[in-house]
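Okay, input.cif is below, mmCIF, C-alpha atoms and all ligand atoms:
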data_my_file
loop_
_atom_site.group_PDB
_atom_site.id
_atom_site.type_symbol
_atom_site.label_atom_id
_atom_site.label_comp_id
_atom_site.auth_asym_id
_atom_site.auth_seq_id
_atom_site.Cartn_x
_atom_site.Cartn_y
_atom_site.Cartn_z
ATOM 1 C CA MET A 13 83.128 59.659 24.605
ATOM 2 C CA SER A 14 84.506 56.332 25.813
ATOM 3 C CA ALA A 15 87.513 54.407 24.507
ATOM 4 C CA PHE A 16 85.149 51.853 22.953
ATOM 5 C CA THR A 17 84.610 52.825 19.354
ATOM 6 C CA ALA A 18 81.735 51.480 17.299
ATOM 7 C CA ASP A 19 84.154 49.988 14.760
ATOM 8 C CA TRP A 20 86.016 48.058 17.487
ATOM 9 C CA LEU A 21 82.723 46.797 18.923
ATOM 10 C CA ALA A 22 81.617 45.728 15.411
ATOM 11 C CA LEU A 23 84.921 43.929 14.819
ATOM 12 C CA ARG A 24 84.708 41.984 18.075
ATOM 13 C CA GLU A 25 80.973 41.170 18.016
ATOM 14 C CA PRO A 26 81.150 38.004 15.854
ATOM 15 C CA TYR A 27 84.014 36.684 17.998
ATOM 16 C CA ASP A 28 82.042 37.528 21.139
ATOM 17 C CA ALA A 29 78.984 35.774 19.706
ATOM 18 C CA GLN A 30 81.067 32.680 19.018
ATOM 19 C CA ALA A 31 82.716 32.838 22.449
ATOM 20 C CA ARG A 32 79.554 33.285 24.566
ATOM 21 C CA SER A 33 79.015 30.113 26.580
ATOM 22 C CA ARG A 34 76.077 28.035 25.269
ATOM 23 C CA THR A 35 75.696 26.627 28.801
ATOM 24 C CA ILE A 36 75.195 30.093 30.245
ATOM 25 C CA LEU A 37 72.924 31.239 27.413
ATOM 26 C CA ASP A 38 70.814 28.093 27.921
ATOM 27 C CA ALA A 39 70.634 28.746 31.667
ATOM 28 C CA ALA A 40 69.396 32.298 31.082
ATOM 29 C CA SER A 41 66.883 31.008 28.572
ATOM 30 C CA ALA A 42 65.642 28.181 30.850
ATOM 31 C CA ALA A 43 65.227 30.522 33.831
ATOM 32 C CA PHE A 44 62.563 32.462 31.922
ATOM 33 C CA ALA A 45 61.101 29.660 29.802
ATOM 34 C CA ASP A 46 57.548 30.203 31.083
ATOM 35 C CA ARG A 47 57.537 33.996 30.741
ATOM 36 C CA PRO A 48 55.654 35.580 27.837
ATOM 37 C CA LEU A 49 57.087 39.048 28.574
ATOM 38 C CA LEU A 50 60.489 40.061 29.904
ATOM 39 C CA ARG A 51 61.857 43.455 30.861
ATOM 40 C CA ILE A 52 65.612 43.530 30.513
ATOM 41 C CA VAL A 53 68.167 46.215 31.316
ATOM 42 C CA ASP A 54 71.569 45.919 29.597
ATOM 43 C CA LEU A 55 74.362 47.844 31.337
ATOM 44 C CA GLY A 56 77.211 49.260 29.228
ATOM 45 C CA CYS A 57 75.310 48.191 26.114
ATOM 46 C CA GLY A 58 77.685 49.588 23.481
ATOM 47 C CA THR A 59 75.770 49.163 20.202
ATOM 48 C CA GLY A 60 73.505 46.374 21.529
ATOM 49 C CA SER A 61 75.591 43.209 21.148
ATOM 50 C CA THR A 62 73.964 41.454 24.107
ATOM 51 C CA LEU A 63 70.458 42.106 22.799
ATOM 52 C CA ARG A 64 71.445 40.546 19.479
ATOM 53 C CA ALA A 65 72.932 37.508 21.242
ATOM 54 C CA LEU A 66 70.196 36.938 23.812
ATOM 55 C CA ALA A 67 66.896 38.089 22.305
ATOM 56 C CA PRO A 68 66.458 34.999 20.073
ATOM 57 C CA ARG A 69 66.595 32.817 23.215
ATOM 58 C CA LEU A 70 64.165 34.724 25.426
ATOM 59 C CA ALA A 71 60.442 35.387 25.738
ATOM 60 C CA PRO A 72 58.182 36.125 22.747
ATOM 61 C CA ARG A 73 57.835 39.700 23.999
ATOM 62 C CA GLN A 74 60.832 41.548 25.394
ATOM 63 C CA HIS A 75 61.354 45.121 26.441
ATOM 64 C CA TRP A 76 65.032 46.113 26.505
ATOM 65 C CA THR A 77 66.478 49.225 28.131
ATOM 66 C CA LEU A 78 69.971 49.730 26.740
ATOM 67 C CA VAL A 79 72.148 51.779 29.091
ATOM 68 C CA ASP A 80 75.460 53.467 28.312
ATOM 69 C CA ASN A 81 77.167 56.782 29.009
ATOM 70 C CA ASP A 82 78.503 57.113 25.449
ATOM 71 C CA LEU A 83 75.907 59.032 23.455
ATOM 72 C CA GLY A 84 77.448 58.057 20.098
ATOM 73 C CA LEU A 85 77.149 54.354 20.926
ATOM 74 C CA LEU A 86 73.620 54.864 22.250
ATOM 75 C CA VAL A 87 72.518 56.319 18.895
ATOM 76 C CA ARG A 88 73.601 53.048 17.285
ATOM 77 C CA ALA A 89 72.138 50.974 20.125
ATOM 78 C CA ALA A 90 68.756 52.578 19.443
ATOM 79 C CA GLU A 91 68.822 50.791 16.069
ATOM 80 C CA ALA A 92 69.459 47.371 17.683
ATOM 81 C CA TRP A 93 66.621 45.197 16.479
ATOM 82 C CA HIS A 94 65.007 41.853 17.083
ATOM 83 C CA GLU A 95 61.488 40.893 16.094
ATOM 84 C CA ARG A 96 60.641 39.966 19.708
ATOM 85 C CA ALA A 97 62.071 43.123 21.256
ATOM 86 C CA THR A 98 61.152 46.726 21.805
ATOM 87 C CA VAL A 99 64.138 48.921 22.620
ATOM 88 C CA VAL A 100 64.687 52.145 24.519
ATOM 89 C CA THR A 101 68.045 53.685 25.328
ATOM 90 C CA ALA A 102 69.076 55.446 28.523
ATOM 91 C CA ALA A 103 72.087 57.728 28.881
ATOM 92 C CA ILE A 104 73.222 56.857 32.385
ATOM 93 C CA ASP A 105 76.645 57.006 34.008
ATOM 94 C CA LEU A 106 76.820 53.719 35.908
ATOM 95 C CA VAL A 107 79.312 55.186 38.355
ATOM 96 C CA ARG A 108 77.015 57.997 39.400
ATOM 97 C CA ASP A 109 73.599 56.491 38.810
ATOM 98 C CA LEU A 110 73.766 52.684 38.860
ATOM 99 C CA GLU A 111 70.694 52.573 41.086
ATOM 100 C CA ALA A 112 68.653 54.628 38.594
ATOM 101 C CA ALA A 113 69.543 52.136 35.857
ATOM 102 C CA LEU A 114 68.190 49.250 37.964
ATOM 103 C CA ASP A 115 65.028 50.924 39.233
ATOM 104 C CA GLY A 116 61.638 50.371 37.678
ATOM 105 C CA PRO A 117 60.090 47.191 36.379
ATOM 106 C CA VAL A 118 63.021 44.896 35.513
ATOM 107 C CA ASP A 119 63.109 41.064 35.282
ATOM 108 C CA LEU A 120 66.713 40.513 34.152
ATOM 109 C CA VAL A 121 69.964 42.498 34.208
ATOM 110 C CA THR A 122 72.479 41.829 31.459
ATOM 111 C CA THR A 123 75.950 43.098 30.710
ATOM 112 C CA SER A 124 78.893 42.088 28.560
ATOM 113 C CA ALA A 125 82.545 43.068 28.432
ATOM 114 C CA LEU A 126 82.017 45.575 31.234
ATOM 115 C CA LEU A 127 82.863 44.005 34.573
ATOM 116 C CA ASP A 128 86.655 43.833 34.119
ATOM 117 C CA LEU A 129 86.566 47.659 33.815
ATOM 118 C CA VAL A 130 85.016 48.197 37.228
ATOM 119 C CA SER A 131 86.551 48.460 40.677
ATOM 120 C CA ALA A 132 86.108 46.035 43.576
ATOM 121 C CA ALA A 133 83.994 48.641 45.372
ATOM 122 C CA TRP A 134 81.698 49.153 42.372
ATOM 123 C CA LEU A 135 81.300 45.391 41.870
ATOM 124 C CA GLU A 136 80.261 45.012 45.501
ATOM 125 C CA ARG A 137 77.793 47.892 45.134
ATOM 126 C CA PHE A 138 76.421 46.285 41.967
ATOM 127 C CA ALA A 139 75.914 42.910 43.699
ATOM 128 C CA VAL A 140 74.199 44.575 46.672
ATOM 129 C CA GLU A 141 71.908 46.651 44.429
ATOM 130 C CA ILE A 142 70.767 43.760 42.214
ATOM 131 C CA ALA A 143 70.271 41.576 45.303
ATOM 132 C CA ALA A 144 68.153 44.285 46.925
ATOM 133 C CA ARG A 145 65.888 44.104 43.854
ATOM 134 C CA GLN A 146 66.146 40.264 43.579
ATOM 135 C CA LEU A 147 67.251 40.580 39.952
ATOM 136 C CA PRO A 148 68.796 37.696 37.990
ATOM 137 C CA LEU A 149 72.000 38.514 36.085
ATOM 138 C CA TYR A 150 73.488 37.434 32.766
ATOM 139 C CA ALA A 151 77.065 38.796 32.693
ATOM 140 C CA ALA A 152 79.096 37.790 29.652
ATOM 141 C CA LEU A 153 82.657 38.154 28.453
ATOM 142 C CA THR A 154 84.519 39.207 31.565
ATOM 143 C CA VAL A 155 88.251 38.963 30.896
ATOM 144 C CA ASP A 156 89.986 36.432 33.162
ATOM 145 C CA GLY A 157 93.659 36.882 32.201
ATOM 146 C CA ARG A 158 94.227 33.557 30.392
ATOM 147 C CA ILE A 159 96.051 34.394 27.163
ATOM 148 C CA LYS A 160 97.760 31.945 24.839
ATOM 149 C CA ILE A 161 99.489 32.987 21.620
ATOM 150 C CA THR A 162 100.839 30.220 19.408
ATOM 151 C CA PRO A 163 103.675 30.067 18.511
ATOM 152 C CA SER A 164 104.980 31.721 21.669
ATOM 153 C CA ASP A 165 107.478 34.596 21.702
ATOM 154 C CA PRO A 166 110.059 35.181 24.463
ATOM 155 C CA GLN A 167 108.687 38.706 25.007
ATOM 156 C CA ASP A 168 105.001 37.711 25.352
ATOM 157 C CA GLY A 169 105.071 37.410 29.137
ATOM 158 C CA ALA A 170 106.697 40.799 29.722
ATOM 159 C CA ILE A 171 104.460 42.615 27.214
ATOM 160 C CA LEU A 172 101.255 41.101 28.587
ATOM 161 C CA ALA A 173 102.265 41.794 32.188
ATOM 162 C CA ALA A 174 103.008 45.423 31.325
ATOM 163 C CA ALA A 175 99.696 45.751 29.441
ATOM 164 C CA GLU A 176 97.830 44.381 32.452
ATOM 165 C CA VAL A 177 99.122 47.244 34.593
ATOM 166 C CA ILE A 178 97.263 49.627 32.287
ATOM 167 C CA HIS A 179 94.138 47.469 32.153
ATOM 168 C CA ARG A 180 93.967 47.744 35.938
ATOM 169 C CA ARG A 181 94.047 51.549 35.841
ATOM 170 C CA ASP A 182 90.954 53.548 36.729
ATOM 171 C CA GLN A 183 88.443 53.342 33.867
ATOM 172 C CA GLY A 184 86.055 55.696 35.623
ATOM 173 C CA PHE A 185 84.900 53.237 38.296
ATOM 174 C CA GLY A 186 88.052 53.389 40.480
ATOM 175 C CA PRO A 187 91.043 51.036 40.112
ATOM 176 C CA ALA A 188 89.883 48.359 37.652
ATOM 177 C CA LEU A 189 89.664 44.718 38.674
ATOM 178 C CA GLY A 190 90.873 43.704 35.210
ATOM 179 C CA PRO A 191 91.323 39.928 35.060
ATOM 180 C CA ASP A 192 90.462 39.537 38.763
ATOM 181 C CA ALA A 193 86.843 40.418 38.005
ATOM 182 C CA ALA A 194 86.043 36.991 36.567
ATOM 183 C CA ALA A 195 86.850 35.196 39.831
ATOM 184 C CA ARG A 196 85.514 37.977 42.056
ATOM 185 C CA LEU A 197 82.049 38.154 40.459
ATOM 186 C CA PRO A 198 80.740 34.702 41.501
ATOM 187 C CA VAL A 199 82.074 35.175 45.042
ATOM 188 C CA GLN A 200 80.445 38.585 45.340
ATOM 189 C CA LEU A 201 77.120 37.263 44.043
ATOM 190 C CA GLN A 202 77.148 34.199 46.304
ATOM 191 C CA ALA A 203 77.786 36.496 49.258
ATOM 192 C CA VAL A 204 74.471 38.277 48.585
ATOM 193 C CA GLY A 205 72.455 35.080 48.193
ATOM 194 C CA TYR A 206 72.744 34.123 44.534
ATOM 195 C CA ALA A 207 73.094 30.717 42.907
ATOM 196 C CA VAL A 208 75.799 31.225 40.300
ATOM 197 C CA ILE A 209 76.934 29.235 37.304
ATOM 198 C CA HIS A 210 79.912 30.222 35.211
ATOM 199 C CA ASP A 211 81.695 28.923 32.157
ATOM 200 C CA ASN A 212 84.596 29.915 29.943
ATOM 201 C CA ALA A 213 83.793 32.103 26.940
ATOM 202 C CA ASP A 214 87.129 32.502 25.220
ATOM 203 C CA TRP A 215 87.977 34.347 22.045
ATOM 204 C CA GLN A 216 89.565 31.915 19.614
ATOM 205 C CA PHE A 217 91.439 33.498 16.719
ATOM 206 C CA GLY A 218 92.958 31.460 13.896
ATOM 207 C CA PRO A 219 94.831 32.062 10.646
ATOM 208 C CA ASN A 220 91.807 33.784 9.036
ATOM 209 C CA ASP A 221 91.291 36.268 11.854
ATOM 210 C CA ARG A 222 94.142 38.598 10.982
ATOM 211 C CA GLU A 223 92.297 41.887 11.487
ATOM 212 C CA ILE A 224 91.220 41.248 15.054
ATOM 213 C CA GLU A 225 94.540 39.590 15.903
ATOM 214 C CA ILE A 226 96.402 42.695 14.759
ATOM 215 C CA ARG A 227 94.017 45.035 16.631
ATOM 216 C CA VAL A 228 94.428 43.062 19.852
ATOM 217 C CA LEU A 229 98.222 42.875 19.478
ATOM 218 C CA GLU A 230 98.332 46.658 18.858
ATOM 219 C CA SER A 231 96.244 47.323 21.933
ATOM 220 C CA TRP A 232 98.531 45.197 24.111
ATOM 221 C CA ALA A 233 101.601 46.947 22.659
ATOM 222 C CA GLY A 234 99.995 50.373 23.246
ATOM 223 C CA ALA A 235 99.198 49.492 26.844
ATOM 224 C CA ALA A 236 102.705 48.094 27.410
ATOM 225 C CA ARG A 237 104.151 51.383 26.064
ATOM 226 C CA ALA A 238 101.867 53.410 28.332
ATOM 227 C CA SER A 239 103.061 51.391 31.333
ATOM 228 C CA GLY A 240 106.625 52.628 30.811
ATOM 229 C CA ARG A 241 107.933 49.250 32.017
ATOM 230 C CA ILE A 242 109.567 48.070 28.797
ATOM 231 C CA PRO A 243 111.823 50.070 26.459
ATOM 232 C CA ALA A 244 109.791 51.286 23.466
ATOM 233 C CA PRO A 245 112.116 49.686 20.846
ATOM 234 C CA GLU A 246 111.583 46.254 22.440
ATOM 235 C CA ILE A 247 107.820 46.688 22.269
ATOM 236 C CA ALA A 248 108.043 47.877 18.654
ATOM 237 C CA ALA A 249 110.160 44.863 17.701
ATOM 238 C CA TRP A 250 107.720 42.470 19.403
ATOM 239 C CA LEU A 251 104.748 44.089 17.661
ATOM 240 C CA GLU A 252 106.473 43.964 14.281
ATOM 241 C CA ARG A 253 107.226 40.230 14.699
ATOM 242 C CA ARG A 254 103.715 39.452 15.880
ATOM 243 C CA GLN A 255 102.008 41.557 13.189
ATOM 244 C CA ALA A 256 104.056 39.841 10.487
ATOM 245 C CA GLN A 257 103.060 36.418 11.833
ATOM 246 C CA ALA A 258 99.397 37.412 12.019
ATOM 247 C CA ALA A 259 99.451 38.907 8.521
ATOM 248 C CA ALA A 260 100.932 35.663 7.202
ATOM 249 C CA GLY A 261 98.155 33.642 8.865
ATOM 250 C CA GLY A 262 100.673 32.101 11.229
ATOM 251 C CA LEU A 263 99.142 32.899 14.633
ATOM 252 C CA THR A 264 96.464 31.400 16.797
ATOM 253 C CA MET A 265 95.308 33.240 19.886
ATOM 254 C CA GLN A 266 93.077 32.361 22.809
ATOM 255 C CA VAL A 267 91.912 35.149 25.108
ATOM 256 C CA GLY A 268 90.125 33.963 28.226
ATOM 257 C CA HIS A 269 86.726 35.308 29.286
ATOM 258 C CA VAL A 270 84.069 34.020 31.659
ATOM 259 C CA ASP A 271 80.274 34.146 31.380
ATOM 260 C CA VAL A 272 77.978 34.041 34.405
ATOM 261 C CA PHE A 273 74.293 33.474 35.029
ATOM 262 C CA ALA A 274 73.136 34.147 38.569
ATOM 263 C CA ALA A 275 69.717 34.085 40.204
ATOM 264 C CA PRO A 276 68.665 34.932 43.764
ATOM 265 C CA ILE A 277 68.261 31.635 45.621
ATOM 266 C CA ALA A 278 64.963 32.746 47.180
ATOM 267 C CA ARG A 279 63.390 32.975 43.711
ATOM 268 C CA ARG A 280 64.051 29.364 42.808
HETATM 269 C C1 LIG B 1 83.864 46.901 26.132
HETATM 270 S S1 LIG B 1 82.459 47.874 25.832
HETATM 271 C C2 LIG B 1 81.203 46.622 25.752
HETATM 272 C C3 LIG B 1 79.976 47.055 24.979
HETATM 273 C C4 LIG B 1 78.914 45.976 24.787
HETATM 274 N N1 LIG B 1 78.370 45.512 26.050
HETATM 275 C C5 LIG B 1 79.466 44.830 23.990
HETATM 276 O O1 LIG B 1 79.641 43.736 24.547
HETATM 277 O O2 LIG B 1 79.736 45.035 22.793
HETATM 278 C C6 LIG B 1 82.130 48.649 27.421
HETATM 279 C C7 LIG B 1 80.916 49.554 27.385
HETATM 280 O O3 LIG B 1 80.706 50.117 28.701
HETATM 281 C C8 LIG B 1 80.368 51.478 28.559
HETATM 282 N N2 LIG B 1 80.720 52.194 29.777
HETATM 283 C C9 LIG B 1 81.975 52.379 30.293
HETATM 284 N N3 LIG B 1 81.898 53.125 31.404
HETATM 285 C C10 LIG B 1 80.589 53.411 31.615
HETATM 286 C C11 LIG B 1 79.872 54.158 32.594
HETATM 287 N N4 LIG B 1 80.518 54.788 33.597
HETATM 288 N N5 LIG B 1 78.531 54.240 32.505
HETATM 289 C C12 LIG B 1 77.869 53.633 31.479
HETATM 290 N N6 LIG B 1 78.494 52.915 30.514
HETATM 291 C C13 LIG B 1 79.826 52.802 30.572
HETATM 292 C C14 LIG B 1 81.201 51.931 27.353
HETATM 293 O O4 LIG B 1 80.708 53.130 26.786
HETATM 294 C C15 LIG B 1 81.065 50.717 26.429
HETATM 295 O O5 LIG B 1 79.925 50.802 25.613
#
Once more with this new file: its structure as structure tokens, please.
Amino acid sequence: MSAFTADWLALREPYDAQARSRTILDAASAAFADRPLLRIVDLGCGTGSTLRALAPRLAPRQHWTLVDNDLGLLVRAAEAWHERATVVTAAIDLVRDLEAALDGPVDLVTTSALLDLVSAAWLERFAVEIAARQLPLYAALTVDGRIKITPSDPQDGAILAAAEVIHRRDQGFGPALGPDAAARLPVQLQAVGYAVIHDNADWQFGPNDREIEIRVLESWAGAARASGRIPAPEIAAWLERRQAQAAAGGLTMQVGHVDVFAAPIARR
């Protein structure tokens, strides 16, 4: 089982849907405007968030293959529904068998909230493998490290820096790129002959978004603790202050992500 629980994915999905760049969604949609049928493979699908976001904008007939290595999430993904889409799931470990996930008749590769978990070596392999198959890519919600919490707290910088150490740990793909992935992805894709557009896709939390604010603050505090870089009582005091502010509707938070649409130049 992965660290990504279905309840966390359900909590974040409406914020992800709001954050996804309309420019990038429109680009993906326009690239396939004349296609009556599309075959799409979604990597690290979770419960099917990307299908729900993208299917209304794509061809009248779509065949989605939803890929994950978490069998519990795949059971839920199998229920992902859109009137234009047929859905199959595939239990594939993208570290071991990325190539198997991309083989077969595929018109578009999609992924969301996955690429900051992967290593530089895996990202390069991914770019090479999709380029070898001349596959366009919609890659949403890659963390880019921009975080703004208002009002600020003197401990924010230290806590977030400590949490980032953990986010860069191996998540199964080798040392994770974490927030470097957002800048690395376009470069890697351009190097294998893709035209790339990218746009910010930030989470925006306000006074009514207490539950997700508290979950995100807890996850940063947990990661900062795991880093061992800050005394535990300081982290606990920071979390208590921040939770109280969030609970009182007194926080706004912006968490930076980037969306990308990329197509092989030869196809254009
Ligand atoms: C942050 S979640 C994103 C899920 C979904 N794309 C979304 O946006 O809601 C990352 C997903 O990648 C999957 N994942 C992580 N490592 C994987 C691997 N080695 N092979 C296949 N899937 C993996 C996790 O199980 C999880 O569903």
Taking all atoms listed in the file and a cut-off of 8 Å, can you tell me which residues surround ligand LIG 1 (chain B), written as a PyMOL selection string? chain A and resi 13-16+21-22+24-25+28+54-62+79-82+85+103-108+123-126+129+152-153+183-185
Would you mind exporting the chosen residues as a tab-separated table (two decimals), keeping the file's coordinate frame, restricted to C-alpha atoms?
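Written output follows (again.tsv):
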chain	number	residue	atom	x	y	z
A	13	MET	CA	83.13	59.66	24.60
A	14	SER	CA	84.51	56.33	25.81
A	15	ALA	CA	87.51	54.41	24.51
A	16	PHE	CA	85.15	51.85	22.95
A	21	LEU	CA	82.72	46.80	18.92
A	22	ALA	CA	81.62	45.73	15.41
A	24	ARG	CA	84.71	41.98	18.08
A	25	GLU	CA	80.97	41.17	18.02
A	28	ASP	CA	82.04	37.53	21.14
A	54	ASP	CA	71.57	45.92	29.60
A	55	LEU	CA	74.36	47.84	31.34
A	56	GLY	CA	77.21	49.26	29.23
A	57	CYS	CA	75.31	48.19	26.11
A	58	GLY	CA	77.68	49.59	23.48
A	59	THR	CA	75.77	49.16	20.20
A	60	GLY	CA	73.50	46.37	21.53
A	61	SER	CA	75.59	43.21	21.15
A	62	THR	CA	73.96	41.45	24.11
A	79	VAL	CA	72.15	51.78	29.09
A	80	ASP	CA	75.46	53.47	28.31
A	81	ASN	CA	77.17	56.78	29.01
A	82	ASP	CA	78.50	57.11	25.45
A	85	LEU	CA	77.15	54.35	20.93
A	103	ALA	CA	72.09	57.73	28.88
A	104	ILE	CA	73.22	56.86	32.38
A	105	ASP	CA	76.64	57.01	34.01
A	106	LEU	CA	76.82	53.72	35.91
A	107	VAL	CA	79.31	55.19	38.35
A	108	ARG	CA	77.02	58.00	39.40
A	123	THR	CA	75.95	43.10	30.71
A	124	SER	CA	78.89	42.09	28.56
A	125	ALA	CA	82.54	43.07	28.43
A	126	LEU	CA	82.02	45.58	31.23
A	129	LEU	CA	86.57	47.66	33.82
A	152	ALA	CA	79.10	37.79	29.65
A	153	LEU	CA	82.66	38.15	28.45
A	183	GLN	CA	88.44	53.34	33.87
A	184	GLY	CA	86.06	55.70	35.62
A	185	PHE	CA	84.90	53.24	38.30
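A straight line drawn from CA of Val228 (chain A) to CA of Asp182 (chain A) is 20.2 Å long.
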*Might you pull out every residue within 6 Å of Pro191 (chain A), with only C-alpha atoms counted and same-chain residues fewer than 6 positions away left off, and present them as a PyMOL selection string?*
chain A and resi 155-157
Kindly save the residues from that selection, with C-alpha atoms included, as a compact mmCIF listing (two decimals), keeping the file's coordinate frame.
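Final output, selection-v8.txt:
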# COMPACT_ATOMS: atom_id res chain seq x y z
CA VAL A 155 88.25 38.96 30.90
CA ASP A 156 89.99 36.43 33.16
CA GLY A 157 93.66 36.88 32.20
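In terms of minimum interatomic distance to Gly218 (chain A), A:Met265 ranks closest within A:Ala233, A:Met265, A:Leu66, A:Ile52, counting all atoms listed in the file.
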Go through the shown structure with the PyMOL selection byres (((chain A and resi 93) around 12) and not hetatm) and write out the matching residues as a PyMOL selection string. chain A and resi 59-68+74-76+78+88-92+94-100
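Of the listed residues (A:Ser231, A:Thr264, A:Ser239, A:Thr162), A:Thr264 comes nearest to Pro219 (chain A); the distances count all atoms listed in the file.
Every protein, DNA or RNA residue with an atom at most 6 Å from Trp215 (chain A), where all atoms listed in the file count and chain neighbours fewer than 5 positions away do not, is listed here: A:Ala31, A:Gln266, A:Val267.
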Check: Mind telling me what the PyMOL selection byres (((chain A and resi 172) around 12) and not hetatm) catches here, as number ranges by chain?
Finding: A: 157-161, 165-171, 173-179, 191, 228-237, 239, 241-242, 247, 250-251, 267
Listed atoms of region 101-112 of chain A boxed axis-aligned with 6 Å per side, centre + edges as AutoDock Vina command-line options:
--center_x 73.7 --center_y 55.3 --center_z 33.2 --size_x 23.3 --size_y 17.4 --size_z 27.8
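Shortest separation to Asp221 (chain A) among A:Pro163, A:Pro276, A:Pro48, A:Gly261 occurs at residue A:Gly261, atoms counted being all atoms listed in the file.
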Convert the output of the PyMOL selection byres (((chain A and resi 133) around 10) and not hetatm) on the shown file into explicit residues, formatted as a PDB file with C-alpha atoms, keeping the file's coordinate frame.
ATOM      1  CA  VAL A 130      85.016  48.197  37.228  1.00  0.00           C
ATOM      2  CA  SER A 131      86.551  48.460  40.677  1.00  0.00           C
ATOM      3  CA  ALA A 132      86.108  46.035  43.576  1.00  0.00           C
ATOM      4  CA  TRP A 134      81.698  49.153  42.372  1.00  0.00           C
ATOM      5  CA  LEU A 135      81.300  45.391  41.870  1.00  0.00           C
ATOM      6  CA  GLU A 136      80.261  45.012  45.501  1.00  0.00           C
ATOM      7  CA  ARG A 137      77.793  47.892  45.134  1.00  0.00           C
ATOM      8  CA  PHE A 138      76.421  46.285  41.967  1.00  0.00           C
ATOM      9  CA  PHE A 185      84.900  53.237  38.296  1.00  0.00           C
ATOM     10  CA  GLY A 186      88.052  53.389  40.480  1.00  0.00           C
ATOM     11  CA  PRO A 187      91.043  51.036  40.112  1.00  0.00           C
ATOM     12  CA  ALA A 188      89.883  48.359  37.652  1.00  0.00           C
ATOM     13  CA  LEU A 189      89.664  44.718  38.674  1.00  0.00           C
TER      14      LEU A 189
END
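Taking CA of Ala274 (chain A) as the reference point, CA of Thr101 (chain A) is found at 24.1 Å.
For the pair CA of Leu120 (chain A) and CA of Val87 (chain A), the interatomic distance is 22.7 Å.
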At a cut-off of 12 Å, using all atoms listed in the file, what residues contact Val199 (chain A)? Leave out same-chain residues fewer than 2 positions from it and give the result as JSON, numbers by chain.
{"A": [132, 135, 136, 139, 192, 193, 194, 195, 196, 197, 201, 202, 203, 204, 205, 206, 207, 208, 209, 210, 272, 274]}
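The smallest atom-to-atom distance between Leu86 (chain A) and any of A:Ala102, A:Leu110, A:Arg181, A:Ala71, using all atoms listed in the file, is found for A:Ala102.
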Checklist entry - If you count all atoms listed in the file, which residues fall within 9 Å of Arg145 (chain A), apart from same-chain ones fewer than 5 positions away, as an NGL selection string? => result :A and (114-115 or 118 or 140)
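The residue that comes closest to Phe273 (chain A), out of A:Ala248, A:Leu149, A:Leu83, A:Ala43 and on the basis of only C-alpha atoms, is A:Leu149.
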In terms of only C-alpha atoms, the residue from A:Ile224, A:Ala259, A:Ala275, A:Ala213 at minimal distance from Asp19 (chain A) is A:Ile224
Could you give me region 263-275 of chain A completed to N, CA and C atoms, formatted as an mmCIF file, in the coordinates of the input?
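Output file result_5.cif is given in full below:
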data_model
loop_
_atom_site.group_PDB
_atom_site.id
_atom_site.type_symbol
_atom_site.label_atom_id
_atom_site.label_comp_id
_atom_site.auth_asym_id
_atom_site.auth_seq_id
_atom_site.Cartn_x
_atom_site.Cartn_y
_atom_site.Cartn_z
ATOM 1 N N LEU A 263 99.376 32.809 13.186
ATOM 2 C CA LEU A 263 99.142 32.899 14.633
ATOM 3 C C LEU A 263 97.799 32.297 15.006
ATOM 4 N N THR A 264 97.749 31.643 16.149
ATOM 5 C CA THR A 264 96.464 31.400 16.797
ATOM 6 C C THR A 264 96.528 32.061 18.170
ATOM 7 N N MET A 265 95.368 32.559 18.586
ATOM 8 C CA MET A 265 95.308 33.240 19.886
ATOM 9 C C MET A 265 94.051 32.814 20.630
ATOM 10 N N GLN A 266 94.213 32.638 21.926
ATOM 11 C CA GLN A 266 93.077 32.361 22.809
ATOM 12 C C GLN A 266 93.106 33.409 23.910
ATOM 13 N N VAL A 267 91.994 34.115 24.070
ATOM 14 C CA VAL A 267 91.912 35.149 25.108
ATOM 15 C C VAL A 267 90.763 34.778 26.034
ATOM 16 N N GLY A 268 91.101 34.515 27.292
ATOM 17 C CA GLY A 268 90.125 33.963 28.226
ATOM 18 C C GLY A 268 89.103 34.980 28.721
ATOM 19 N N HIS A 269 87.828 34.551 28.688
ATOM 20 C CA HIS A 269 86.726 35.308 29.286
ATOM 21 C C HIS A 269 85.846 34.313 30.047
ATOM 22 N N VAL A 270 85.016 34.853 30.914
ATOM 23 C CA VAL A 270 84.069 34.020 31.659
ATOM 24 C C VAL A 270 82.669 34.623 31.548
ATOM 25 N N ASP A 271 81.687 33.740 31.359
ATOM 26 C CA ASP A 271 80.274 34.146 31.380
ATOM 27 C C ASP A 271 79.635 33.628 32.658
ATOM 28 N N VAL A 272 78.658 34.384 33.151
ATOM 29 C CA VAL A 272 77.978 34.041 34.405
ATOM 30 C C VAL A 272 76.473 34.191 34.226
ATOM 31 N N PHE A 273 75.728 33.229 34.795
ATOM 32 C CA PHE A 273 74.293 33.474 35.029
ATOM 33 C C PHE A 273 74.052 33.268 36.519
ATOM 34 N N ALA A 274 73.353 34.198 37.120
ATOM 35 C CA ALA A 274 73.136 34.147 38.569
ATOM 36 C C ALA A 274 71.693 34.533 38.869
ATOM 37 N N ALA A 275 71.099 33.780 39.808
ATOM 38 C CA ALA A 275 69.717 34.085 40.204
ATOM 39 C C ALA A 275 69.635 34.043 41.728
#
